[in-house]
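> What follows is input28.cif; its format and atoms are mmCIF, C-alpha atoms.
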```cif
data_work
#
loop_
_atom_site.label_atom_id
_atom_site.label_comp_id
_atom_site.auth_asym_id
_atom_site.auth_seq_id
_atom_site.Cartn_x
_atom_site.Cartn_y
_atom_site.Cartn_z
CA MET A 187 88.63 -1.89 21.70
CA SER A 188 85.49 -3.55 20.39
CA GLU A 189 82.39 -2.81 22.46
CA LEU A 190 79.02 -4.54 22.79
CA PRO A 191 76.07 -2.17 23.33
CA LEU A 192 73.74 -3.63 25.95
CA MET A 193 70.72 -2.23 27.79
CA LEU A 194 70.26 -3.29 31.41
CA HIS A 195 66.92 -3.20 33.22
CA GLY A 196 67.68 -0.55 35.81
CA GLU A 197 65.12 -1.73 38.35
CA SER A 198 66.87 -5.10 38.60
CA ILE A 199 70.35 -3.65 39.14
CA GLU A 200 72.14 -3.32 42.46
CA ALA A 201 75.17 -1.09 42.01
CA LEU A 202 78.14 -0.18 44.17
CA ILE A 203 79.91 3.14 43.65
CA VAL A 204 83.17 3.81 45.47
CA GLY A 205 83.83 7.54 45.55
CA GLY A 206 81.95 10.61 46.68
CA GLY A 207 82.89 13.42 44.31
CA ALA A 208 81.44 14.91 41.13
CA VAL A 209 82.12 11.84 38.97
CA ALA A 210 80.50 9.54 41.52
CA ALA A 211 77.50 11.88 41.67
CA ARG A 212 77.13 11.79 37.88
CA LYS A 213 77.31 7.98 37.83
CA ALA A 214 74.83 7.71 40.71
CA ARG A 215 72.39 10.10 39.06
CA ALA A 216 72.34 8.07 35.84
CA LEU A 217 71.75 4.85 37.76
CA LEU A 218 68.97 6.34 39.85
CA VAL A 219 67.20 7.66 36.75
CA SER A 220 67.20 4.11 35.40
CA GLY A 221 65.61 2.79 38.61
CA ALA A 222 68.70 1.07 40.05
CA HIS A 223 69.47 0.59 43.73
CA VAL A 224 72.80 2.23 44.56
CA ARG A 225 75.15 1.82 47.51
CA LEU A 226 77.88 4.46 47.64
CA ILE A 227 80.98 4.22 49.83
CA ALA A 228 83.38 7.14 50.21
CA THR A 229 85.74 8.57 52.78
CA GLU A 230 84.19 11.96 52.03
CA ILE A 231 80.67 12.54 50.70
CA GLY A 232 80.43 15.56 48.40
CA ALA A 233 77.53 18.00 48.34
CA ASP A 234 76.19 16.69 45.02
CA VAL A 235 76.05 13.12 46.32
CA GLY A 236 74.43 14.29 49.55
CA ALA A 237 71.74 16.14 47.61
CA LEU A 238 71.02 13.03 45.54
CA ALA A 239 70.66 10.93 48.68
CA GLY A 240 68.17 13.43 50.05
CA ALA A 241 66.03 13.04 46.94
CA HIS A 242 66.34 9.28 46.33
CA GLU A 243 65.65 6.59 48.88
CA ARG A 244 67.32 4.06 46.55
CA LEU A 245 70.72 5.68 47.24
CA HIS A 246 72.37 4.42 50.42
CA LEU A 247 75.52 6.25 51.63
CA GLU A 248 78.35 4.89 53.77
CA GLU A 249 80.98 7.47 54.72
CA ARG A 250 84.05 5.31 55.34
CA PRO A 251 86.99 3.79 53.44
CA TYR A 252 86.41 0.94 50.99
CA ALA A 253 86.97 -2.47 52.61
CA ASP A 254 87.22 -6.12 51.63
CA GLY A 255 83.80 -7.63 51.10
CA ASP A 256 82.13 -4.36 50.09
CA ILE A 257 81.28 -5.72 46.64
CA GLY A 258 78.60 -7.82 48.30
CA SER A 259 75.75 -8.65 45.92
CA ALA A 260 76.31 -5.68 43.58
CA GLN A 261 76.09 -6.69 39.92
CA LEU A 262 77.70 -3.43 38.79
CA VAL A 263 80.79 -2.03 40.50
CA ILE A 264 81.99 1.52 39.77
CA ALA A 265 85.37 2.80 40.95
CA ALA A 266 85.18 6.59 40.98
CA THR A 267 87.56 7.88 43.63
CA SER A 268 90.42 10.34 43.11
CA ASP A 269 92.88 7.67 44.31
CA ARG A 270 94.05 5.40 41.49
CA ALA A 271 95.29 2.75 43.91
CA VAL A 272 91.84 2.49 45.51
CA ASN A 273 90.21 2.36 42.08
CA ARG A 274 92.53 -0.49 41.06
CA ARG A 275 91.68 -2.38 44.24
CA VAL A 276 87.95 -1.95 43.67
CA ALA A 277 88.33 -3.05 40.05
CA ASP A 278 90.37 -6.11 40.98
CA ASP A 279 87.79 -7.13 43.59
CA GLY A 280 84.98 -6.66 41.08
CA HIS A 281 86.72 -8.78 38.46
CA ALA A 282 87.47 -11.49 41.01
CA ALA A 283 83.76 -11.60 41.85
CA HIS A 284 82.83 -11.76 38.13
CA ARG A 285 80.85 -8.50 38.17
CA LEU A 286 80.45 -5.68 35.68
CA VAL A 287 83.24 -3.22 36.48
CA ASN A 288 83.52 0.41 35.45
CA VAL A 289 86.63 2.42 36.33
CA ALA A 290 86.17 6.16 35.91
CA ASP A 291 89.84 7.14 35.59
CA ASP A 292 91.02 4.07 33.64
CA PRO A 293 88.22 2.60 31.48
CA ALA A 294 90.47 -0.13 30.08
CA ARG A 295 90.82 -1.62 33.56
CA GLY A 296 87.07 -2.28 33.67
CA ASN A 297 84.95 -4.53 31.50
CA CYS A 298 82.22 -1.98 30.74
CA ARG A 299 81.80 1.75 30.44
CA THR A 300 78.83 4.03 30.85
CA THR A 301 77.55 6.04 27.89
CA ALA A 302 76.48 9.60 27.28
CA THR A 303 72.74 9.01 27.39
CA HIS A 304 69.72 10.76 25.93
CA ARG A 305 66.21 9.81 27.08
CA ALA A 306 62.89 10.67 25.49
CA GLY A 307 60.34 8.53 27.26
CA ASP A 308 61.18 4.90 26.48
CA VAL A 309 63.58 5.92 23.73
CA VAL A 310 67.09 5.63 25.17
CA ILE A 311 70.17 6.48 23.10
CA GLY A 312 73.61 5.74 24.53
CA ILE A 313 76.80 7.07 22.92
CA SER A 314 80.34 5.79 23.45
CA ALA A 315 83.21 7.54 21.69
CA GLY A 316 86.40 5.60 22.27
CA GLY A 317 86.92 6.80 25.81
CA VAL A 318 86.50 10.48 24.96
CA PRO A 319 83.46 11.43 27.07
CA ASN A 320 83.26 15.05 25.87
CA ALA A 321 82.95 13.86 22.27
CA ALA A 322 80.27 11.38 23.29
CA ALA A 323 78.35 14.16 25.02
CA ARG A 324 78.49 16.38 21.92
CA ILE A 325 77.20 13.56 19.71
CA ARG A 326 74.43 12.84 22.23
CA ASP A 327 73.35 16.47 22.30
CA SER A 328 73.25 16.60 18.50
CA LEU A 329 71.02 13.51 18.37
CA ALA A 330 68.83 14.80 21.20
CA SER A 331 67.87 17.85 19.17
CA ARG A 332 66.14 15.56 16.67
CA PHE A 333 65.03 12.57 18.75
CA ASP A 334 62.94 14.59 21.18
CA ASP A 335 59.70 13.94 23.08
CA ARG A 336 57.84 13.28 19.82
CA TYR A 337 59.70 10.00 19.57
CA GLY A 338 59.00 9.11 23.18
CA THR A 339 55.28 9.72 22.63
CA ALA A 340 55.23 7.75 19.37
CA VAL A 341 57.06 4.76 20.83
CA ALA A 342 54.74 4.73 23.86
CA ALA A 343 51.72 4.67 21.54
CA LEU A 344 53.19 1.81 19.52
CA ALA A 345 54.07 -0.15 22.65
CA THR A 346 50.49 0.22 23.92
CA LEU A 347 49.08 -0.89 20.56
CA ARG A 348 51.45 -3.85 20.38
CA ARG A 349 50.61 -5.03 23.88
CA ARG A 350 46.85 -4.67 23.30
CA LEU A 351 46.84 -6.62 20.05
CA ILE A 352 49.12 -9.38 21.31
CA ASP A 353 47.18 -9.75 24.56
CA ALA A 354 44.00 -10.03 22.48
CA GLY A 355 45.53 -12.88 20.47
CA GLU A 356 45.97 -10.68 17.39
CA ALA A 357 49.73 -10.97 16.88
CA ASP A 358 49.26 -11.15 13.10
CA GLU A 359 47.35 -7.88 13.21
CA TRP A 360 50.23 -6.28 15.14
CA ARG A 361 52.69 -7.47 12.49
CA ARG A 362 50.54 -5.89 9.78
CA ALA A 363 50.32 -2.64 11.73
CA ALA A 364 54.09 -2.60 12.32
CA GLU A 365 54.82 -3.15 8.63
CA VAL A 366 52.80 -0.03 7.81
CA LEU A 367 53.67 2.23 10.74
CA ILE A 368 57.33 1.34 11.23
CA ASP A 369 58.50 1.36 7.64
CA GLU A 370 61.13 3.57 6.01
CA ASN A 371 58.85 6.59 6.60
CA PHE A 372 58.60 6.02 10.36
CA ALA A 373 60.81 8.98 11.33
CA ALA A 374 58.96 11.29 8.95
CA ARG A 375 55.61 10.24 10.44
CA VAL A 376 56.86 10.91 13.98
CA GLU A 377 58.26 14.30 13.07
CA ASN A 378 55.22 15.52 11.11
CA GLY A 379 52.84 14.25 13.79
CA THR A 380 50.88 11.77 11.64
CA LEU A 381 51.97 8.48 13.21
CA GLU A 382 49.54 8.47 16.11
CA LYS A 383 46.65 9.37 13.81
CA GLU A 384 47.52 6.52 11.45
CA ALA A 385 47.82 4.14 14.41
CA GLN A 386 44.15 4.80 15.19
CA ARG A 387 43.26 2.40 12.36
CA TRP A 388 44.26 -0.50 14.61
CA ARG A 389 42.57 0.68 17.79
#
```
Let's see the structure in the file written out as structure tokens.

Amino acid sequence: MSELPLMLHGESIEALIVGGGAVAARKARALLVSGAHVRLIATEIGADVGALAGAHERLHLEERPYADGDIGSAQLVIAATSDRAVNRRVADDGHAAHRLVNVADDPARGNCRTTATHRAGDVVIGISAGGVPNAAARIRDSLASRFDDRYGTAVAALATLRRRLIDAGEADEWRRAAEVLIDENFAARVENGTLEKEAQRWR
């Protein structure tokens, strides 16, 4: 299956998760980290989900069976129950409403899947591995060992510089800075700690 990588602005997403177990908790946690608003419906709320709700006001729990109309205004619908029939129903409703649909136990029934994600500040790396989540997680962990907080710090510094120069009407100066700082030696500069010092030339 051919996949299209796409980053969503978490703060603008309203998500519905149907299911209250460990998988639902993992999906909810990833959404909450991104800033999304999450409504979770389940006949039984697990301890992990309950703990998340206690720590995040953007997670709203409803302990009851899934019902017609529950999709509401959710742009992203996640079916994550242990009942395949319920998951199929949720998926069918999501497709009928033209929403993004993720089905935990049958990814092919949805139209999107979540990735194994590594975050270092504003650097976000998502890995999909053909529906084999353990392989995706191993690849993510391997990348995370290199693309650590140094990259998050460097990208934040570049974003600040870019915004300052563009806001000052110096877009051409930003392009010159980017050509120097983000060339084929960019990764080496980040990893040896020289990028931020070199960026001082444009501050």
> Would you write out, as an MDAnalysis selection string, every residue that the PyMOL selection byres ((chain A and resi 277) around 12) captures in this file?
chainID A and resid 202:204 252 256:257 262:267 270:276 278:298
> Work out how far apart CA of Ile231 in chain A and CA of Leu218 in chain A are and give it in Å to one decimal.
17.1 Å
> Which one is closest to His246 in chain A: A:Gln261, A:Ala233, A:Arg387, A:Ala222? Count all atoms listed in the file.
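Among the listed residues, A:Ala222 lies closest to His246 in chain A.
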> Restricting the calculation to all atoms listed in the file, which member of A:Leu351, A:Ala343, A:Ala253, A:Ala321 is positioned closest to Lys383 in chain A?
A:Ala343
> If we count only C-alpha atoms and set the cut-off at 12 Å, which residues sit around Glu189 in chain A, ignoring sequence neighbours fewer than 6 positions away in its own chain? Please answer as a VMD selection string.
chain A and resid 294 297 to 301 313 to 317
> May I ask for the distance between CA of His223 in chain A and CA of Val235 in chain A, given in Å to one decimal place?
14.4 Å
> With all atoms listed in the file as the basis for distance, which of A:His195, A:Arg350, A:Arg225, A:Arg362 is at the shortest distance from Asp308 in chain A?
A:His195
> Need the shell around Arg375 in chain A: protein/DNA/RNA residues with any atom at most 12 Å away, counting all atoms listed in the file. Skip same-chain ones fewer than 5 positions apart. Format as a compact mmCIF listing (two decimals) with C-alpha atoms, in the frame of the given file?

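Listed below is the output, out.txt:
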```
# COMPACT_ATOMS: atom_id res chain seq x y z
CA ARG A 336 57.84 13.28 19.82
CA TYR A 337 59.70 10.00 19.57
CA ALA A 340 55.23 7.75 19.37
CA VAL A 341 57.06 4.76 20.83
CA VAL A 366 52.80 -0.03 7.81
CA LEU A 367 53.67 2.23 10.74
CA ILE A 368 57.33 1.34 11.23
CA ASP A 369 58.50 1.36 7.64
CA GLU A 370 61.13 3.57 6.01
CA THR A 380 50.88 11.77 11.64
CA LEU A 381 51.97 8.48 13.21
CA GLU A 382 49.54 8.47 16.11
CA LYS A 383 46.65 9.37 13.81
CA GLU A 384 47.52 6.52 11.45
CA ALA A 385 47.82 4.14 14.41
```
> Choose the residue, out of A:Ser268, A:Gln386, A:Ser198, A:Thr229, that has the smallest atom-to-atom separation from Leu344 in chain A; count all atoms listed in the file.
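Result for the nearest residue to Leu344 in chain A: A:Gln386.
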> Taking the file above as input, evaluate the PyMOL selection byres ((chain A and resi 215) around 12) and report the hits as a PDB file with C-alpha atoms, in the coordinates of the input.

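Done, and the output landed in result32.pdb:
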```pdb
ATOM      1  CA  ALA A 201      75.170  -1.090  42.010  1.00  0.00           C
ATOM      2  CA  ILE A 203      79.910   3.140  43.650  1.00  0.00           C
ATOM      3  CA  ALA A 208      81.440  14.910  41.130  1.00  0.00           C
ATOM      4  CA  VAL A 209      82.120  11.840  38.970  1.00  0.00           C
ATOM      5  CA  ALA A 210      80.500   9.540  41.520  1.00  0.00           C
ATOM      6  CA  ALA A 211      77.500  11.880  41.670  1.00  0.00           C
ATOM      7  CA  ARG A 212      77.130  11.790  37.880  1.00  0.00           C
ATOM      8  CA  LYS A 213      77.310   7.980  37.830  1.00  0.00           C
ATOM      9  CA  ALA A 214      74.830   7.710  40.710  1.00  0.00           C
ATOM     10  CA  ALA A 216      72.340   8.070  35.840  1.00  0.00           C
ATOM     11  CA  LEU A 217      71.750   4.850  37.760  1.00  0.00           C
ATOM     12  CA  LEU A 218      68.970   6.340  39.850  1.00  0.00           C
ATOM     13  CA  VAL A 219      67.200   7.660  36.750  1.00  0.00           C
ATOM     14  CA  SER A 220      67.200   4.110  35.400  1.00  0.00           C
ATOM     15  CA  GLY A 221      65.610   2.790  38.610  1.00  0.00           C
ATOM     16  CA  ALA A 222      68.700   1.070  40.050  1.00  0.00           C
ATOM     17  CA  HIS A 223      69.470   0.590  43.730  1.00  0.00           C
ATOM     18  CA  VAL A 224      72.800   2.230  44.560  1.00  0.00           C
ATOM     19  CA  LEU A 226      77.880   4.460  47.640  1.00  0.00           C
ATOM     20  CA  ASP A 234      76.190  16.690  45.020  1.00  0.00           C
ATOM     21  CA  VAL A 235      76.050  13.120  46.320  1.00  0.00           C
ATOM     22  CA  GLY A 236      74.430  14.290  49.550  1.00  0.00           C
ATOM     23  CA  ALA A 237      71.740  16.140  47.610  1.00  0.00           C
ATOM     24  CA  LEU A 238      71.020  13.030  45.540  1.00  0.00           C
ATOM     25  CA  ALA A 239      70.660  10.930  48.680  1.00  0.00           C
ATOM     26  CA  ALA A 241      66.030  13.040  46.940  1.00  0.00           C
ATOM     27  CA  HIS A 242      66.340   9.280  46.330  1.00  0.00           C
ATOM     28  CA  ARG A 244      67.320   4.060  46.550  1.00  0.00           C
ATOM     29  CA  LEU A 245      70.720   5.680  47.240  1.00  0.00           C
ATOM     30  CA  THR A 303      72.740   9.010  27.390  1.00  0.00           C
TER      31      THR A 303
END
```
> Which is closer to Glu200 in chain A than all the others in A:Ser259, A:Glu377, A:Ile311, A:Val318, using all atoms listed in the file?
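Once distances to Glu200 in chain A are computed over all atoms listed in the file, the minimum belongs to A:Ser259.
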> In Å, rounded to a single decimal, give me how far CA of Val376 in chain A is from CA of Asp334 in chain A.
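CA of Asp334 in chain A sits 10.1 Å away from CA of Val376 in chain A.
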> I need the residue nearest Leu192 in chain A from this list: A:Pro319, A:Gly379, A:Gly240, A:Gly312. Use all atoms listed in the file for the distance.
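Using all atoms listed in the file, the shortest distance to Leu192 in chain A belongs to A:Gly312.
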> Will you model N, CA and C atoms for range 348-372 of chain A and pass it back as a PDB file, in the coordinates of the input?

```pdb
ATOM      1  N   ARG A 348      50.872  -2.515  20.477  1.00  0.00           N
ATOM      2  CA  ARG A 348      51.450  -3.850  20.380  1.00  0.00           C
ATOM      3  C   ARG A 348      50.959  -4.747  21.507  1.00  0.00           C
ATOM      4  N   ARG A 349      51.022  -4.234  22.732  1.00  0.00           N
ATOM      5  CA  ARG A 349      50.610  -5.030  23.880  1.00  0.00           C
ATOM      6  C   ARG A 349      49.129  -5.391  23.807  1.00  0.00           C
ATOM      7  N   ARG A 350      48.291  -4.418  23.374  1.00  0.00           N
ATOM      8  CA  ARG A 350      46.850  -4.670  23.300  1.00  0.00           C
ATOM      9  C   ARG A 350      46.533  -5.742  22.283  1.00  0.00           C
ATOM     10  N   LEU A 351      47.138  -5.645  21.101  1.00  0.00           N
ATOM     11  CA  LEU A 351      46.840  -6.620  20.050  1.00  0.00           C
ATOM     12  C   LEU A 351      47.367  -8.008  20.409  1.00  0.00           C
ATOM     13  N   ILE A 352      48.562  -8.066  20.950  1.00  0.00           N
ATOM     14  CA  ILE A 352      49.120  -9.380  21.310  1.00  0.00           C
ATOM     15  C   ILE A 352      48.332 -10.009  22.442  1.00  0.00           C
ATOM     16  N   ASP A 353      47.968  -9.201  23.446  1.00  0.00           N
ATOM     17  CA  ASP A 353      47.180  -9.750  24.560  1.00  0.00           C
ATOM     18  C   ASP A 353      45.811 -10.231  24.097  1.00  0.00           C
ATOM     19  N   ALA A 354      45.297  -9.633  23.015  1.00  0.00           N
ATOM     20  CA  ALA A 354      44.000 -10.030  22.480  1.00  0.00           C
ATOM     21  C   ALA A 354      44.122 -11.209  21.507  1.00  0.00           C
ATOM     22  N   GLY A 355      45.336 -11.753  21.376  1.00  0.00           N
ATOM     23  CA  GLY A 355      45.530 -12.880  20.470  1.00  0.00           C
ATOM     24  C   GLY A 355      45.619 -12.469  19.020  1.00  0.00           C
ATOM     25  N   GLU A 356      45.937 -11.192  18.757  1.00  0.00           N
ATOM     26  CA  GLU A 356      45.970 -10.680  17.390  1.00  0.00           C
ATOM     27  C   GLU A 356      47.409 -10.301  16.997  1.00  0.00           C
ATOM     28  N   ALA A 357      48.338 -11.242  17.215  1.00  0.00           N
ATOM     29  CA  ALA A 357      49.730 -10.970  16.880  1.00  0.00           C
ATOM     30  C   ALA A 357      49.916 -10.698  15.387  1.00  0.00           C
ATOM     31  N   ASP A 358      49.152 -11.391  14.544  1.00  0.00           N
ATOM     32  CA  ASP A 358      49.260 -11.150  13.100  1.00  0.00           C
ATOM     33  C   ASP A 358      48.822  -9.733  12.747  1.00  0.00           C
ATOM     34  N   GLU A 359      47.806  -9.248  13.459  1.00  0.00           N
ATOM     35  CA  GLU A 359      47.350  -7.880  13.210  1.00  0.00           C
ATOM     36  C   GLU A 359      48.435  -6.873  13.623  1.00  0.00           C
ATOM     37  N   TRP A 360      49.131  -7.163  14.731  1.00  0.00           N
ATOM     38  CA  TRP A 360      50.230  -6.280  15.140  1.00  0.00           C
ATOM     39  C   TRP A 360      51.327  -6.266  14.078  1.00  0.00           C
ATOM     40  N   ARG A 361      51.664  -7.431  13.526  1.00  0.00           N
ATOM     41  CA  ARG A 361      52.690  -7.470  12.490  1.00  0.00           C
ATOM     42  C   ARG A 361      52.287  -6.652  11.276  1.00  0.00           C
ATOM     43  N   ARG A 362      51.000  -6.707  10.906  1.00  0.00           N
ATOM     44  CA  ARG A 362      50.540  -5.890   9.780  1.00  0.00           C
ATOM     45  C   ARG A 362      50.639  -4.403  10.105  1.00  0.00           C
ATOM     46  N   ALA A 363      50.243  -4.052  11.319  1.00  0.00           N
ATOM     47  CA  ALA A 363      50.320  -2.640  11.730  1.00  0.00           C
ATOM     48  C   ALA A 363      51.770  -2.163  11.727  1.00  0.00           C
ATOM     49  N   ALA A 364      52.680  -2.987  12.255  1.00  0.00           N
ATOM     50  CA  ALA A 364      54.090  -2.600  12.320  1.00  0.00           C
ATOM     51  C   ALA A 364      54.689  -2.418  10.936  1.00  0.00           C
ATOM     52  N   GLU A 365      54.299  -3.279   9.989  1.00  0.00           N
ATOM     53  CA  GLU A 365      54.820  -3.150   8.630  1.00  0.00           C
ATOM     54  C   GLU A 365      54.450  -1.810   8.010  1.00  0.00           C
ATOM     55  N   VAL A 366      53.256  -1.313   8.363  1.00  0.00           N
ATOM     56  CA  VAL A 366      52.800  -0.030   7.810  1.00  0.00           C
ATOM     57  C   VAL A 366      53.386   1.150   8.589  1.00  0.00           C
ATOM     58  N   LEU A 367      53.306   1.075   9.913  1.00  0.00           N
ATOM     59  CA  LEU A 367      53.670   2.230  10.740  1.00  0.00           C
ATOM     60  C   LEU A 367      55.168   2.389  10.956  1.00  0.00           C
ATOM     61  N   ILE A 368      55.890   1.263  10.935  1.00  0.00           N
ATOM     62  CA  ILE A 368      57.330   1.340  11.230  1.00  0.00           C
ATOM     63  C   ILE A 368      58.104   0.942   9.975  1.00  0.00           C
ATOM     64  N   ASP A 369      57.786   1.604   8.890  1.00  0.00           N
ATOM     65  CA  ASP A 369      58.500   1.360   7.640  1.00  0.00           C
ATOM     66  C   ASP A 369      59.567   2.430   7.457  1.00  0.00           C
ATOM     67  N   GLU A 370      60.055   2.590   6.244  1.00  0.00           N
ATOM     68  CA  GLU A 370      61.130   3.570   6.010  1.00  0.00           C
ATOM     69  C   GLU A 370      60.677   5.006   6.242  1.00  0.00           C
ATOM     70  N   ASN A 371      59.363   5.236   6.347  1.00  0.00           N
ATOM     71  CA  ASN A 371      58.850   6.590   6.600  1.00  0.00           C
ATOM     72  C   ASN A 371      58.512   6.828   8.068  1.00  0.00           C
ATOM     73  N   PHE A 372      58.926   5.904   8.928  1.00  0.00           N
ATOM     74  CA  PHE A 372      58.600   6.020  10.360  1.00  0.00           C
ATOM     75  C   PHE A 372      59.042   7.358  10.942  1.00  0.00           C
TER      76      PHE A 372
END
```
